[in-house]
Protein chains: 2
Amino acid sequence: MTHQPSTPTTASPHREARARPVAPAGPRRGLGVGELRLDGGVWGALQETNARATLRHCLDWMEQLGWLGNFDRVAEGTTGGDRPGWQFSDSEVYKLLEALAWEYGRTGDPATDALLGKVVDRVSAAQDDDGYLNTCFGHAGQPGRYTDLSSGHELYVTGHLLQAAVARVRTVGDGALVEVARRAADHVCREFGADGRGSDGQVGICGHPEIEVGLAELGRALDEPRYTEQARLFIERRGRGTLAPPALLSPAYFQDDVPVRDADVWRGHAVRALYLAAGAVDVAVDTHDDGLRAAVERQWTRSVERRTYLTGGMGSRHQDEGFGDDWELPPDRAYCETCAGVASVMVSWRLLLATGEVRYADLIERTLYNVVATSPRADGRAFFYANPLQQREPGADVRPDAVNPRAEGGVRAPWFDVSCCPTNVARTLASWQAYAALVEEAPDGGTVVTLAQYAAGDLRIVLDDGLDDGLDDGRVLALRITTDYPHDGRVRVEVTEVPAWPVTLRLRVPHWADGATLTGPDGSTRAVGPGWAESVPQSDQPTDSPGQVRRVSRPVRGPLGSGSGPEQALAAGDVVTLDLPVGPRLTWPDPRVDAVRGTVAVERGPLVLALESVDLPDGVVLDQVRLDPGVEPRAHGDGAVVRALAVPLPDGGAGTPPFAVARPGGPGDAGPADVGGPAGLDLPLVPYHRWAERGPSTMRVFIPTTSREESR
Amino acid sequence: MTHQPSTPTTASPHREARARPVAPAGPRRGLGVGELRLDGGVWGALQETNARATLRHCLDWMEQLGWLGNFDRVAEGTTGGDRPGWQFSDSEVYKLLEALAWEYGRTGDPATDALLGKVVDRVSAAQDDDGYLNTCFGHAGQPGRYTDLSSGHELYVTGHLLQAAVARVRTVGDGALVEVARRAADHVCREFGADGRGSDGQVGICGHPEIEVGLAELGRALDEPRYTEQARLFIERRGRGTLAPPALLSPAYFQDDVPVRDADVWRGHAVRALYLAAGAVDVAVDTHDDGLRAAVERQWTRSVERRTYLTGGMGSRHQDEGFGDDWELPPDRAYCETCAGVASVMVSWRLLLATGEVRYADLIERTLYNVVATSPRADGRAFFYANPLQQREPGADVRPDAVNPRAEGGVRAPWFDVSCCPTNVARTLASWQAYAALVEEAPDGGTVVTLAQYAAGDLRIVLDDGLDDGLDDGRVLALRITTDYPHDGRVRVEVTEVPAWPVTLRLRVPHWADGATLTGPDGSTRAVGPGWAESVPQSDQPTDSPGQVRRVSRPVRGPLGSGSGPEQALAAGDVVTLDLPVGPRLTWPDPRVDAVRGTVAVERGPLVLALESVDLPDGVVLDQVRLDPGVEPRAHGDGAVVRALAVPLPDGGAGTPPFAVARPGGPGDAGPADVGGPAGLDLPLVPYHRWAERGPSTMRVFIPTTSREESR
């Protein structure tokens with residue numbers, strides 16, 4: 001008997017397994033969105049709010065602003081005049097379609113499917129006979145097709161259409177959206193193929209990458225290698241300086257400065273850089289281009305180690321929404337666009353599938369909790385666009401019922417002039433399950449299931465037993481995951497059903513988890529270090545970059561689970577418990593991160609914590625707070641309590657810039673150690689992702705320390 | 001006999017005295033550009049290079065790029081099609097005209113006058129019959145006049161035309177440029193007057209302030225109160241939200257959020273905020289509007305004390321070229337646009353004239369040395385646009401022979417896409433003398449001359465003796481200033497000629513000068529603290545915010561200088577010597593300036609110093625340097641030498657963002673105090689304004705300190 005993890009084939013679509021955004025060939029897959037039912041918790045709640053409020057919220061705004069109506073006007077032939085929205089507004093409709101598709105795949109809710117169908121009808125009606133589909137170009141009173149590849153976002157928009165279609169292929173198989181996308185992709189291949197635009201060294205790429213990742217995945221979903229080849233062409237054409245940069249910017253803005261395979265680091269507009277990298281991994285994997293894959297891994301490494309915030313946020317600069325130089329990570333002007341967080345998860349997830357290295361899962365967790373989850377308001381009807389790590393002025397200039405410029409901190413806004421973030425959050429939350437676990441085949445024919453993210457719920461995977469009999473008997477792996485993570489560090493996994501062959505369960509021990517333990521099915525507890533921890537130890541060393549999985553040592557069981565294996569075998573009823581140390585801890589910046597010298601942050605498990613001014617005692621302002629690193633922070637609610645002092649601030653009034661010959665806190669000046677009282681203040685910190693929910697506030701993630709030298 | 005400082009009257013123009021950019025009514029005036037002949041030194045050299053190289057450089061670039069040709073095309077009626085340059089390119093021509101006018105006023109060089117005349121001919125030919133003059137709007141194939149007041153810069157451009165005309169009025173009296181400006185100003189008054197555009201609450205102002213300051217000064221120069229009234233209308237209409245902000249920006253971008261008289265601080269685009277403030281001071285002074293003047297003084301105070309860099313640079317943000325929040329002063333992303341430095345000098349100079357407060361002169365000096373002087377390359381043919389205080393990557397992406405995006409540090413560029421800075425530097429350097437001294441009438445009828453900036457040279461002022469006889473006899477004050485300031489702190493002032501009435505000489509003791517002494521004509525030396533120090537002490541207290549000048553105690557001399565006064569009287573041959581402590585000193589940031597916590601800067605007199613990587617020993621990178629604040633820096637060349645250690649840097653390679661549970665330098669980690677050797681390194685610092693002259697380099701103004709706690 002042979003058996004494999006389910007893969008989407010048109011002959012035998014296992015809807016539940018293939019319902020995931022990224023499905024490369026290879027030994028490793030993520031979950032289908034229907035394979036894990038969340039049971040509350042942070043992600044369960046966010047997903048529920050997304051389903052209940054955000055999807056409709058996005059639809060309503062786009063209807064009201066005329067972004068949906070743009071499709072009607074093309075269909076009716078009434079284009080021309082002032083067109084509502086930016087040139088890329090179609091993409092918001094497509095990202096919402098993607099979210100609706102995943103949501104329907106996850107729940108089977110017919111109302112969601114009906115909503116999607118209505119939007120698809122309007123989109124479909126706007127498609128030109130030759131497959132071209134765009135409401136901003138190519139029709140009466142509009143600029144011609146592909147007349148502004150540098151800034152027009154035409155192919156970017158199409159890329160999002162293709163991603164939406166992927167969600168539909170993988171959840172329902174086919175339908176109008178899939179056909180629309182197929183025709184649009186064919187059109188792109190005709191226009192931009194090896195002999196088309198771009199083949200002559202002229203511009204043959206889009207200023208905003210996205211088409212690459214869309215084509216590559218639709219190629220996988222529809223088993224259409226032409227699309228992959230087209231994605232490869234787009235990747236290869238980039239970095240050769242053909243695009244015309246916007247005023248005052250350079251080719252690095254859209255990664256047209258250096259070919260992807262030659263670049264050492266991400267630079268320029270963060271979302272562009274990351275969408276491009278995601279597409280490059282897809283192409284590299286599908287074309288077995290190890291050099292290209294290694295380039296993206298190299299870029300990931302340097303960019304994460306030098307250009308990424310504690311939150312996982314990427315993009316230090318507002319000017320170009322871009323990466324800064326190495327170590328340029330100012331907390332107050334951190335851009336950390338929500339969409340860059342989504343895009344970072346896309347890249348890391350692809351690299352995790354390709355390599356199995358735990359560091360990618362670690363960054364995904366950091367980014368999901370501290371960027372993606374930070375954006376939506378608790379009611380799912382307002383969002384952060386930028387996610388700074390310090391707020392100097394209480395933000396109050398958001399118009400609660402109107403389109404806003406980008407919300408840069410302080411108050412979440414219902415919608416934006418450029419409103420890429422809400423729909424990006426929506427599609428990510430609707431497909432969150434995909435990133436929760438890895439399923440792979442072990443060399444000996446067993447199955448390895450790896451929990452990459454933790455959330456309470458029921459996991460049920462129907463594995464491929466090679467019998468093609470349509471029966472689930474003996475090929476189901478089911479786990480019941482019970483946890484209050486990250487509030488609590490215990491993750492209890494009960495095996496409720498096993499297939500007829502050996503299964504290895506692995507759990508991720510995050511890089512910050514110093515002192516984690518794992519209790520196996522036999523009740524014995526052992527220490528596990530950061531990396532992938534196997535429920536039944538195969539060695540004393542946890543493996544943090546396996547690449548491949550060790551052989552399972554127990555004998556293969558029969559197809560119907562007859563007989564019990566040796567003592568270490570996983571069986572229905574087995575319980576594995578991981579205990580992660582999620583108490584608050586101090587986190588210190590690398591000394592090259594100049595902007596936070598002399599400060600410390602507090603984290604708790606995967607959560608970055610923040611100090612908000614609403615939690616300060618009367619008469620104390622945030623600038624006065626000095627955290628005492630000699631006192632261990634302690635857990636408090638979902639956050640922590642830290643010991644701090646309130647120091648006096650200089651009077652100012654010198655009529656000069658705020659720099660002086662006298663050293664603040666130096667001899668003759670009241671230093672911080674002299675004030676605040678011996679007991680100091682106990683100040684509560686909250687999870688960063690829930691800041692700004694109690695009215696306008698100032699906020700800090702990195703808090704200056706009390707030590708006499710540092711708090712000056 | 002009555003006598004007054006010269007004021008420009010059409011009846012009796014004292015060309016030398018009135019040849020200055022700002023001439024409000026009031027007791028206090030600056031110098032005419034011909035009243036001080038510089039004798040080398042920093043400013044003499046910069047002014048000479050400006051005259052010899054920069055003026056022609058700017059003209060050549062504008063000719064080559066077609067910005068001058070734009071005027072020809074309007075004159076020839078061949079507008080339409082692609083117009084070279086931004087919509088504000090005319091203003092660069094006008095700023096160059098202003099520079100040429102001052103340069104001619106300063107030197108009388110006929111070639112300069114001829115060059116100016118040729119440009120004026122082309123400009124003049126492009127003026128419409130009704131006085132409208134703009135090469136971007138209002139002609140065939142162009143948008144209509146005033147159809148884009150928010151972003152079109154039409155009135156901004158006109159404002160610069162008027163400033164150029166002011167320079168011409170004050171140096172030659174009249175001529176073609178003056179007539180062109182008068183007609184343009186009359187046109188503006190007709191279009192935007194009390195009953196014109198803007199009178200109905202619709203937009204009646206320009207997105208970029210500048211017309212205000214141009215109208216106000218031309219009103220003074222031509223004795224035309226209508227212009228002042230029009231400037232007042234523009235000031236009053238602003239801050240009422242009539243302008244349409246560019247995408248993603250808010251009304252604060254162009255100060256249309258709050259009326260000028262109600263605002264507490266500068267915000268939004270720095271150059272706009274500062275040009276507006278300069279115009280507001282002019283209007284306030286001329287209309288005796290104390291509330292408006294107080295508003296600008298209030299804004300100056302808070303903005304300087306909380307939103308201004310050590311260099312005097314203003315504008316923390318690249319995104320909108322704007323001010324940041326209070327204390328938001330990142331050194332690496334400091335925008336500190338050169339033009340904002342010029343504009344800051346404009347505002348402070350007007351407030352100095354209005355109030356006599358020394359703090360304005362202090363900020364002018366700081367800004368001139370560390371922003372304005374930083375921009376031009378030594379040869380006067382390349383410029384910095386932005387002036388950051390830290391350079392992380394050696395800047396090498398400037399195209400040396402082409403138009404560049406903004407040079408943001410690292411390498412000065414010959415010209416820019418938006419090339420406002422070169423001509424702004426040029427007009428400022430050509431009129432530098434204007435800001436060097438104040439001349440005012442004392443209540444008893446004597447004359448007070450105050451040296452506000454120090455440079456070697458000969459000052460010769462022909463005062464008004466009220467006789468109107470055209471003779472200079474007995475009304476000349478002449479000083480010979482000998483100094484190598486700021487390299488050396490001694491300023492020797494020899495009185496070479498005195499008028500027939502008492503003269504008081506005052507010298508500025510900068511706010512940083514702790515331990516200054518002044519040696520009077522009688523050879524006695526006394527300590528003088530920061531503020532205005534009188535050459536012959538009137539009291540023991542220096543006065544730092546006089547508002548008015550103390551009465552001169554000696555008897556008035558006869559009109560022909562007959563008889564000698566009491567012992568304390570200044571007479572020809574008297575020598576006054578100021579000794580300022582210009583040795584290097586450590587300067588510490590206010591603890592609220594988060595971005596430079598744990599660092600110190602080194603200044604020397606008015607110069608901010610910088611550490612460049614080209615001065616590091618082999619094998620040491622800038623990130624490793626920790627300055628030892630326990631060792632006094634010592635003077636070295638024009639800069640200093642500091643004691644420092646080179647600390648090891650973390651290995652990185654964790655695959656996570658650059659933050660860690662382990663405290664860098666903490667127990668178990670090699671701390672900075674453990675390495676670098678007992679002797680440490682002696683590192684030279686150079687004046688910031690001369691950095692980046694020895695090839696690509698990384699650079700820091702604020703240097704982390706060695707103290708164990710701070711260098712982590």
# chains A, B, ... in the order shown; residues from 1 in each chain; ligands from 1
call {"tool": "select_by_dssp", "arguments": {"residues": "segment 263-360 of chain B", "states": "strand (DSSP E or B)", "output": "count of residues only"}}
result
4
call {"tool": "select_by_dssp", "arguments": {"residues": "segment 256-322 of chain A", "states": "alpha helix (DSSP H)", "output": "PyMOL selection string"}}
result
chain A and resi 270-286+290-306
call {"tool": "write_last_selection", "arguments": {"atoms": "N, CA, C and O atoms", "output": "compact mmCIF listing (two decimals), in the first residue's frame"}}
result
# COMPACT_ATOMS: atom_id res chain seq x y z
N ALA A 270 7.87 47.89 0.73
CA ALA A 270 7.92 46.60 1.40
C ALA A 270 6.94 45.60 0.81
O ALA A 270 7.28 44.43 0.60
N VAL A 271 5.72 46.03 0.56
CA VAL A 271 4.73 45.08 0.04
C VAL A 271 5.17 44.57 -1.33
O VAL A 271 5.07 43.37 -1.64
N ARG A 272 5.67 45.47 -2.15
CA ARG A 272 6.16 45.05 -3.46
C ARG A 272 7.29 44.04 -3.31
O ARG A 272 7.31 42.99 -3.98
N ALA A 273 8.25 44.36 -2.46
CA ALA A 273 9.40 43.48 -2.28
C ALA A 273 8.95 42.09 -1.83
O ALA A 273 9.49 41.07 -2.28
N LEU A 274 7.95 42.04 -0.97
CA LEU A 274 7.55 40.77 -0.38
C LEU A 274 6.64 39.97 -1.32
O LEU A 274 6.77 38.75 -1.41
N TYR A 275 5.73 40.63 -2.00
CA TYR A 275 4.94 39.90 -3.01
C TYR A 275 5.88 39.32 -4.07
O TYR A 275 5.70 38.19 -4.54
N LEU A 276 6.85 40.11 -4.47
CA LEU A 276 7.81 39.62 -5.47
C LEU A 276 8.56 38.40 -4.94
O LEU A 276 8.72 37.40 -5.66
N ALA A 277 9.02 38.49 -3.69
CA ALA A 277 9.76 37.36 -3.12
C ALA A 277 8.89 36.11 -3.04
O ALA A 277 9.35 34.99 -3.30
N ALA A 278 7.61 36.28 -2.69
CA ALA A 278 6.71 35.13 -2.63
C ALA A 278 6.60 34.48 -4.00
O ALA A 278 6.69 33.24 -4.14
N GLY A 279 6.41 35.29 -5.02
CA GLY A 279 6.33 34.75 -6.37
C GLY A 279 7.64 34.08 -6.79
O GLY A 279 7.63 33.05 -7.48
N ALA A 280 8.75 34.65 -6.36
CA ALA A 280 10.05 34.07 -6.72
C ALA A 280 10.23 32.70 -6.09
O ALA A 280 10.78 31.78 -6.72
N VAL A 281 9.77 32.53 -4.85
CA VAL A 281 9.86 31.20 -4.24
C VAL A 281 9.01 30.21 -5.02
O VAL A 281 9.45 29.09 -5.33
N ASP A 282 7.81 30.62 -5.38
CA ASP A 282 6.95 29.72 -6.15
C ASP A 282 7.63 29.28 -7.45
O ASP A 282 7.66 28.10 -7.79
N VAL A 283 8.16 30.25 -8.16
CA VAL A 283 8.83 29.93 -9.41
C VAL A 283 10.05 29.04 -9.17
O VAL A 283 10.29 28.07 -9.89
N ALA A 284 10.82 29.38 -8.14
CA ALA A 284 12.03 28.61 -7.85
C ALA A 284 11.68 27.16 -7.55
O ALA A 284 12.33 26.23 -8.04
N VAL A 285 10.64 26.98 -6.75
CA VAL A 285 10.25 25.61 -6.38
C VAL A 285 9.75 24.85 -7.61
O VAL A 285 10.16 23.72 -7.88
N ASP A 286 8.90 25.50 -8.37
CA ASP A 286 8.28 24.79 -9.50
C ASP A 286 9.25 24.54 -10.64
O ASP A 286 9.06 23.61 -11.43
N ASP A 290 17.36 26.27 -7.81
CA ASP A 290 17.91 26.39 -6.46
C ASP A 290 18.59 27.74 -6.23
O ASP A 290 18.60 28.26 -5.12
N GLY A 291 19.16 28.29 -7.28
CA GLY A 291 19.82 29.58 -7.13
C GLY A 291 18.83 30.68 -6.77
O GLY A 291 19.10 31.52 -5.91
N LEU A 292 17.69 30.66 -7.41
CA LEU A 292 16.66 31.66 -7.12
C LEU A 292 16.11 31.48 -5.71
O LEU A 292 15.93 32.45 -4.97
N ARG A 293 15.90 30.21 -5.35
CA ARG A 293 15.39 29.97 -4.00
C ARG A 293 16.42 30.41 -2.97
O ARG A 293 16.07 31.06 -1.97
N ALA A 294 17.66 30.10 -3.20
CA ALA A 294 18.70 30.51 -2.25
C ALA A 294 18.79 32.03 -2.13
O ALA A 294 19.05 32.58 -1.06
N ALA A 295 18.54 32.72 -3.24
CA ALA A 295 18.57 34.18 -3.20
C ALA A 295 17.50 34.72 -2.26
O ALA A 295 17.76 35.62 -1.45
N VAL A 296 16.30 34.16 -2.36
CA VAL A 296 15.23 34.66 -1.49
C VAL A 296 15.52 34.28 -0.03
O VAL A 296 15.28 35.07 0.88
N GLU A 297 16.06 33.09 0.19
CA GLU A 297 16.43 32.74 1.57
C GLU A 297 17.47 33.69 2.14
O GLU A 297 17.40 34.11 3.30
N ARG A 298 18.43 34.03 1.30
CA ARG A 298 19.47 34.98 1.73
C ARG A 298 18.85 36.35 2.02
O ARG A 298 19.18 37.00 3.03
N GLN A 299 17.95 36.79 1.17
CA GLN A 299 17.29 38.08 1.39
C GLN A 299 16.46 38.05 2.67
O GLN A 299 16.43 39.01 3.43
N TRP A 300 15.77 36.93 2.87
CA TRP A 300 14.97 36.79 4.09
C TRP A 300 15.88 36.93 5.32
O TRP A 300 15.57 37.68 6.25
N THR A 301 17.00 36.23 5.29
CA THR A 301 17.87 36.20 6.46
C THR A 301 18.36 37.61 6.82
O THR A 301 18.20 38.07 7.95
N ARG A 302 18.91 38.29 5.85
CA ARG A 302 19.45 39.61 6.19
C ARG A 302 18.35 40.59 6.52
O ARG A 302 18.47 41.41 7.44
N SER A 303 17.24 40.51 5.80
CA SER A 303 16.16 41.47 6.04
C SER A 303 15.51 41.24 7.40
O SER A 303 15.15 42.20 8.09
N VAL A 304 15.38 39.99 7.79
CA VAL A 304 14.78 39.71 9.10
C VAL A 304 15.74 40.09 10.21
O VAL A 304 15.34 40.69 11.22
N GLU A 305 16.99 39.81 10.02
CA GLU A 305 17.95 40.06 11.10
C GLU A 305 18.34 41.53 11.23
O GLU A 305 18.91 41.93 12.24
N ARG A 306 18.07 42.34 10.21
CA ARG A 306 18.52 43.73 10.27
C ARG A 306 17.46 44.76 9.93
O ARG A 306 17.67 45.95 10.17
call {"tool": "interface_residues", "arguments": {"of": "chain B", "to": "chain A", "cutoff": "7 Å", "atoms": "only C-alpha atoms", "output": "VMD selection string"}}
result
chain B and resid 248 to 249 301 304 to 306 308 to 310 318 to 319 325 359 392 405 to 406 586 to 592 594 to 598 623 652 to 653 655 to 664 709 to 710 712
call {"tool": "residues_around", "arguments": {"residues": "segment 121-130 of chain B", "least_positions_apart": "4", "cutoff": "6 Å", "atoms": "only C-alpha atoms", "output": "list in words"}}
result
Phe71, Val74 and Ala75 of chain B
call {"tool": "write_last_selection", "arguments": {"atoms": "N, CA and C atoms", "output": "PDB file, in the first residue's frame"}}
result
ATOM      1  N   PHE B  71      10.190  80.438 -20.501  1.00  0.00           N
ATOM      2  CA  PHE B  71       9.779  81.836 -20.657  1.00  0.00           C
ATOM      3  C   PHE B  71       9.732  82.214 -22.141  1.00  0.00           C
ATOM      4  N   VAL B  74       6.582  80.937 -23.831  1.00  0.00           N
ATOM      5  CA  VAL B  74       5.404  81.775 -23.567  1.00  0.00           C
ATOM      6  C   VAL B  74       5.475  83.040 -24.412  1.00  0.00           C
ATOM      7  N   ALA B  75       6.641  83.633 -24.452  1.00  0.00           N
ATOM      8  CA  ALA B  75       6.790  84.885 -25.222  1.00  0.00           C
ATOM      9  C   ALA B  75       6.495  84.656 -26.696  1.00  0.00           C
TER      10      ALA B  75
END
call {"tool": "residues_around", "arguments": {"residues": "Glu48 of chain A", "least_positions_apart": "6", "cutoff": "10 Å", "atoms": "only C-alpha atoms", "output": "list in words"}}
result
Leu38, Gly40, Thr54, Gly380, Leu429 and Ala430 of chain A
call {"tool": "atom_distance", "arguments": {"atom1": "atom CA of Ala442 of chain A", "atom2": "atom CA of Ala533 of chain A"}}
result
15.5 Å
call {"tool": "closest_atom_pairs", "arguments": {"of": "segment 174-272 of chain B", "to": "segment 336-347 of chain B", "cutoff": "12 Å", "atoms": "only C-alpha atoms", "output": "JSON lines"}}
result
{"residue": "B:Pro209", "atom": "CA", "partner": "B:Ala343", "partner_atom": "CA", "distance": 11.3}
{"residue": "B:Glu210", "atom": "CA", "partner": "B:Ala343", "partner_atom": "CA", "distance": 10.2}
{"residue": "B:Val213", "atom": "CA", "partner": "B:Met346", "partner_atom": "CA", "distance": 9.7}
{"residue": "B:Gly214", "atom": "CA", "partner": "B:Met346", "partner_atom": "CA", "distance": 11.9}
{"residue": "B:Trp266", "atom": "CA", "partner": "B:Ser344", "partner_atom": "CA", "distance": 11.2}
{"residue": "B:Gly268", "atom": "CA", "partner": "B:Ala340", "partner_atom": "CA", "distance": 12.0}
{"residue": "B:His269", "atom": "CA", "partner": "B:Ala340", "partner_atom": "CA", "distance": 9.2}
{"residue": "B:Ala270", "atom": "CA", "partner": "B:Ala340", "partner_atom": "CA", "distance": 5.9}
{"residue": "B:Val271", "atom": "CA", "partner": "B:Ala340", "partner_atom": "CA", "distance": 4.7}
{"residue": "B:Arg272", "atom": "CA", "partner": "B:Ala340", "partner_atom": "CA", "distance": 8.4}
call {"tool": "write_last_selection", "arguments": {"atoms": "C-alpha atoms", "output": "PDB file, in the first residue's frame"}}
result
ATOM      1  CA  PRO B 209       3.232  80.038   1.010  1.00  0.00           C
ATOM      2  CA  GLU B 210       5.732  82.557  -0.315  1.00  0.00           C
ATOM      3  CA  VAL B 213       6.550  87.389   2.251  1.00  0.00           C
ATOM      4  CA  GLY B 214       7.128  88.593  -1.291  1.00  0.00           C
ATOM      5  CA  TRP B 266       5.006  74.576  13.206  1.00  0.00           C
ATOM      6  CA  GLY B 268       3.514  69.983   8.018  1.00  0.00           C
ATOM      7  CA  HIS B 269       5.893  70.836   5.194  1.00  0.00           C
ATOM      8  CA  ALA B 270       8.745  72.727   6.813  1.00  0.00           C
ATOM      9  CA  VAL B 271       9.560  75.201   4.045  1.00  0.00           C
ATOM     10  CA  ARG B 272       5.902  76.098   3.687  1.00  0.00           C
TER      11      ARG B 272
END
call {"tool": "residues_around", "arguments": {"residues": "Asp200 of chain B", "least_positions_apart": "6", "cutoff": "12 Å", "atoms": "only C-alpha atoms", "output": "list in words"}}
result
Phe192, Gly193, Ala194, Arg237 and Thr242 of chain B
call {"tool": "write_last_selection", "arguments": {"atoms": "N, CA, C and O atoms", "output": "mmCIF file, in the first residue's frame"}}
result
data_model
loop_
_atom_site.group_PDB
_atom_site.id
_atom_site.type_symbol
_atom_site.label_atom_id
_atom_site.label_comp_id
_atom_site.auth_asym_id
_atom_site.auth_seq_id
_atom_site.Cartn_x
_atom_site.Cartn_y
_atom_site.Cartn_z
ATOM 1 N N PHE B 192 -6.977 88.558 -6.211
ATOM 2 C CA PHE B 192 -7.157 87.947 -4.887
ATOM 3 C C PHE B 192 -7.473 88.974 -3.800
ATOM 4 O O PHE B 192 -7.323 88.695 -2.623
ATOM 5 N N GLY B 193 -7.881 90.158 -4.211
ATOM 6 C CA GLY B 193 -8.162 91.190 -3.232
ATOM 7 C C GLY B 193 -9.378 90.894 -2.368
ATOM 8 O O GLY B 193 -9.949 89.800 -2.433
ATOM 9 N N ALA B 194 -9.750 91.872 -1.606
ATOM 10 C CA ALA B 194 -10.818 91.671 -0.626
ATOM 11 C C ALA B 194 -12.113 91.199 -1.281
ATOM 12 O O ALA B 194 -12.903 90.483 -0.671
ATOM 13 N N ARG B 237 -6.586 84.238 5.434
ATOM 14 C CA ARG B 237 -7.420 83.210 4.799
ATOM 15 C C ARG B 237 -6.905 81.796 5.055
ATOM 16 O O ARG B 237 -7.625 80.821 4.817
ATOM 17 N N THR B 242 -9.501 75.330 3.167
ATOM 18 C CA THR B 242 -10.030 75.489 1.807
ATOM 19 C C THR B 242 -9.204 74.740 0.760
ATOM 20 O O THR B 242 -9.695 74.432 -0.311
#
call {"tool": "residues_around", "arguments": {"residues": "Leu65 of chain B", "least_positions_apart": "5", "cutoff": "9 Å", "atoms": "only C-alpha atoms", "output": "number ranges by chain"}}
result
B: 60, 84-85
call {"tool": "write_last_selection", "arguments": {"atoms": "N, CA, C and O atoms", "output": "short mmCIF file (atom, residue, chain, number, x, y, z; two decimals), in the first residue's frame"}}
result
data_model
loop_
_atom_site.label_atom_id
_atom_site.label_comp_id
_atom_site.auth_asym_id
_atom_site.auth_seq_id
_atom_site.Cartn_x
_atom_site.Cartn_y
_atom_site.Cartn_z
N ASP B 60 23.39 77.69 -15.94
CA ASP B 60 23.66 76.70 -16.98
C ASP B 60 22.69 75.52 -16.89
O ASP B 60 22.18 75.04 -17.90
N PRO B 84 9.14 71.45 -19.93
CA PRO B 84 10.21 70.98 -19.04
C PRO B 84 10.03 71.51 -17.62
O PRO B 84 9.56 72.63 -17.42
N GLY B 85 10.41 70.67 -16.66
CA GLY B 85 10.43 71.13 -15.28
C GLY B 85 9.10 70.99 -14.56
O GLY B 85 8.05 70.78 -15.17
#
call {"tool": "atom_distance", "arguments": {"atom1": "atom CA of Ala456 of chain A", "atom2": "atom CA of Arg37 of chain A"}}
result
8.5 Å
